[in-house]
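Novice: Pasting in a structure now, in structure tokens, and then I'll have a few things to ask.
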Amino acid sequence: MWTDLTRKGVNPYAHSKTLAEQDAWAFVKQAGGAMTLSTVLPSVIQGPVMGKDVSGPLELLARMLSGRMPRLPRLGFTMVDVRDLVDLHLKAMTATEAAGQRFAATSDFLWLADSARLLREHLGPRAAKVSTRMAPDLLVRLGALFDPELRQFVGNLGVRREFSAAKAARLLGWRARPAAEAVLASAEGLLREGLV
């Protein structure tokens, strides 16, 4: 299934990724069998932090840990641990049965509220600033009028999008660790690197 680029609220990042993949498939088709392609489509990437560079999903977690998110919007994401993502890329590059296939790299879905509770339960005092209070959708929509970061999430308030990694499991024997483990690994890394 492709991202519907005509759907209202598709952010520029998702739009560009979809176009890039469509172009890659068109290029391979034009090559007329001279090469093969398989693609790996990751959900929100979490997991161990290896340096000071912080991606969007990690920035969201850092905001939660530092207390810069006093209320949580009703947002949630399917996630994949970066270690599992690397494993799937290797399998997709080396397994002959992967040629011509698209694979979703995903584990399970967590609301931000689930992630907040997880951080509070497992990190103890190090997660003391993590709020578990919810922001009403109306408040988020009003804030989005002035904050471009919030604006990109408005269309996803309360939406639960899940994807299946069944094809990767069936064809390549791939399994992802639970999203909770990936979130905790991210949080530990952010704290260890002093990014919170």
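Quick note on naming: the chains in the structure tokens go A, B, ... in the order shown, residues restart at 1 in each chain, and ligands are numbered from 1 in order of appearance.
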So that I can check the secondary structure, give me every residue of chain A assigned strand (DSSP E) by backbone DSSP, as a list in words.

Specialist: Thr39, Val40, Leu41, Pro42, Val44, Ile45, Gln46, Gly76, Phe77, Thr78, Met79, Val80, Asp81, Arg102, Phe103, Ala104, Ala105, Phe109, Leu110 and Trp111 of chain A

Novice: If we count only C-alpha atoms and set the cut-off at 12 Å, which residues sit around region 115-131 of chain A, ignoring sequence neighbours fewer than 2 positions away in its own chain? Please answer as a ChimeraX atom specification.

Specialist: /A:46,60-79,109-113,133-135,179-188,190-192,194,196

Novice: Got a sec: who's within 7 Å of Ala176 (chain A), counting only C-alpha atoms, leaving out chain neighbours fewer than 6 positions off, as a PyMOL selection string?

Specialist: chain A and resi 80+84+106-107

Novice: Please run DSSP on the backbone and report, as a list in words, all residues within region 25-77 of chain A that come out as alpha helix (DSSP H).

Specialist: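 In region 25-77 of chain A, DSSP puts these residues in alpha helix (DSSP H): Trp25, Ala26, Phe27, Val28, Lys29, Gln30, Gly56, Pro57, Leu58, Glu59, Leu60, Leu61, Ala62, Arg63, Met64, Leu65 and Ser66 of chain A.
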
Novice: Store the residues picked out above in a file with N, CA and C atoms, as a PDB file, in the first residue's frame.

Specialist:
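Output file part_7.pdb is given in full below:
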ATOM      1  N   TRP A  25      11.401   2.360  -8.073  1.00  0.00           N
ATOM      2  CA  TRP A  25      10.742   1.245  -8.746  1.00  0.00           C
ATOM      3  C   TRP A  25      10.646   1.488 -10.251  1.00  0.00           C
ATOM      4  N   ALA A  26      10.369   2.721 -10.658  1.00  0.00           N
ATOM      5  CA  ALA A  26      10.289   3.053 -12.088  1.00  0.00           C
ATOM      6  C   ALA A  26      11.656   2.871 -12.749  1.00  0.00           C
ATOM      7  N   PHE A  27      12.710   3.271 -12.078  1.00  0.00           N
ATOM      8  CA  PHE A  27      14.068   3.124 -12.609  1.00  0.00           C
ATOM      9  C   PHE A  27      14.412   1.654 -12.836  1.00  0.00           C
ATOM     10  N   VAL A  28      14.081   0.809 -11.861  1.00  0.00           N
ATOM     11  CA  VAL A  28      14.366  -0.625 -11.980  1.00  0.00           C
ATOM     12  C   VAL A  28      13.557  -1.239 -13.119  1.00  0.00           C
ATOM     13  N   LYS A  29      12.316  -0.805 -13.244  1.00  0.00           N
ATOM     14  CA  LYS A  29      11.465  -1.317 -14.329  1.00  0.00           C
ATOM     15  C   LYS A  29      12.058  -0.936 -15.687  1.00  0.00           C
ATOM     16  N   GLN A  30      12.545   0.301 -15.810  1.00  0.00           N
ATOM     17  CA  GLN A  30      13.158   0.759 -17.056  1.00  0.00           C
ATOM     18  C   GLN A  30      14.428  -0.028 -17.384  1.00  0.00           C
ATOM     19  N   GLY A  56      14.015  13.475  14.646  1.00  0.00           N
ATOM     20  CA  GLY A  56      12.693  13.943  15.078  1.00  0.00           C
ATOM     21  C   GLY A  56      12.061  13.087  16.156  1.00  0.00           C
ATOM     22  N   PRO A  57      11.972  11.761  15.953  1.00  0.00           N
ATOM     23  CA  PRO A  57      11.368  10.916  16.993  1.00  0.00           C
ATOM     24  C   PRO A  57      12.133  10.966  18.324  1.00  0.00           C
ATOM     25  N   LEU A  58      13.456  11.075  18.252  1.00  0.00           N
ATOM     26  CA  LEU A  58      14.239  11.173  19.491  1.00  0.00           C
ATOM     27  C   LEU A  58      14.026  12.531  20.152  1.00  0.00           C
ATOM     28  N   GLU A  59      13.851  13.568  19.341  1.00  0.00           N
ATOM     29  CA  GLU A  59      13.597  14.903  19.891  1.00  0.00           C
ATOM     30  C   GLU A  59      12.289  14.913  20.678  1.00  0.00           C
ATOM     31  N   LEU A  60      11.289  14.216  20.179  1.00  0.00           N
ATOM     32  CA  LEU A  60      10.008  14.109  20.884  1.00  0.00           C
ATOM     33  C   LEU A  60      10.213  13.458  22.258  1.00  0.00           C
ATOM     34  N   LEU A  61      10.985  12.399  22.293  1.00  0.00           N
ATOM     35  CA  LEU A  61      11.277  11.702  23.544  1.00  0.00           C
ATOM     36  C   LEU A  61      12.115  12.586  24.476  1.00  0.00           C
ATOM     37  N   ALA A  62      13.081  13.311  23.915  1.00  0.00           N
ATOM     38  CA  ALA A  62      13.908  14.221  24.721  1.00  0.00           C
ATOM     39  C   ALA A  62      13.047  15.319  25.337  1.00  0.00           C
ATOM     40  N   ARG A  63      12.073  15.815  24.575  1.00  0.00           N
ATOM     41  CA  ARG A  63      11.156  16.836  25.114  1.00  0.00           C
ATOM     42  C   ARG A  63      10.371  16.279  26.295  1.00  0.00           C
ATOM     43  N   MET A  64       9.932  15.040  26.164  1.00  0.00           N
ATOM     44  CA  MET A  64       9.176  14.418  27.257  1.00  0.00           C
ATOM     45  C   MET A  64      10.059  14.288  28.494  1.00  0.00           C
ATOM     46  N   LEU A  65      11.277  13.785  28.308  1.00  0.00           N
ATOM     47  CA  LEU A  65      12.184  13.544  29.447  1.00  0.00           C
ATOM     48  C   LEU A  65      12.621  14.835  30.135  1.00  0.00           C
ATOM     49  N   SER A  66      12.739  15.904  29.358  1.00  0.00           N
ATOM     50  CA  SER A  66      13.201  17.174  29.934  1.00  0.00           C
ATOM     51  C   SER A  66      12.065  18.007  30.518  1.00  0.00           C
TER      52      SER A  66
END

Novice: Rounded to one decimal, what separation in Å do you get between CA of Pro148 (chain A) and CA of Thr18 (chain A)?

Specialist: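 The value is 21.9 Å.
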
Novice: Which of these residues is nearest to Phe103 (chain A), using only C-alpha atoms: A:Asn156, A:Asn11, A:Thr132, A:Ser43?

Specialist: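 Closest to Phe103 (chain A) of all the choices is A:Ser43.
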
Novice: Just want the 8 Å neighbourhood of region 92-98 of chain A, counted on only C-alpha atoms, with same-chain residues fewer than 2 positions away dropped. Output as a list of chain:residue names.

Specialist: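 Non-adjacent residues within range: A:Ser38, A:Thr39, A:Val40, A:Leu88, A:His89, A:Leu90, A:Gly100, A:Gln101, A:Leu171, A:Leu172.
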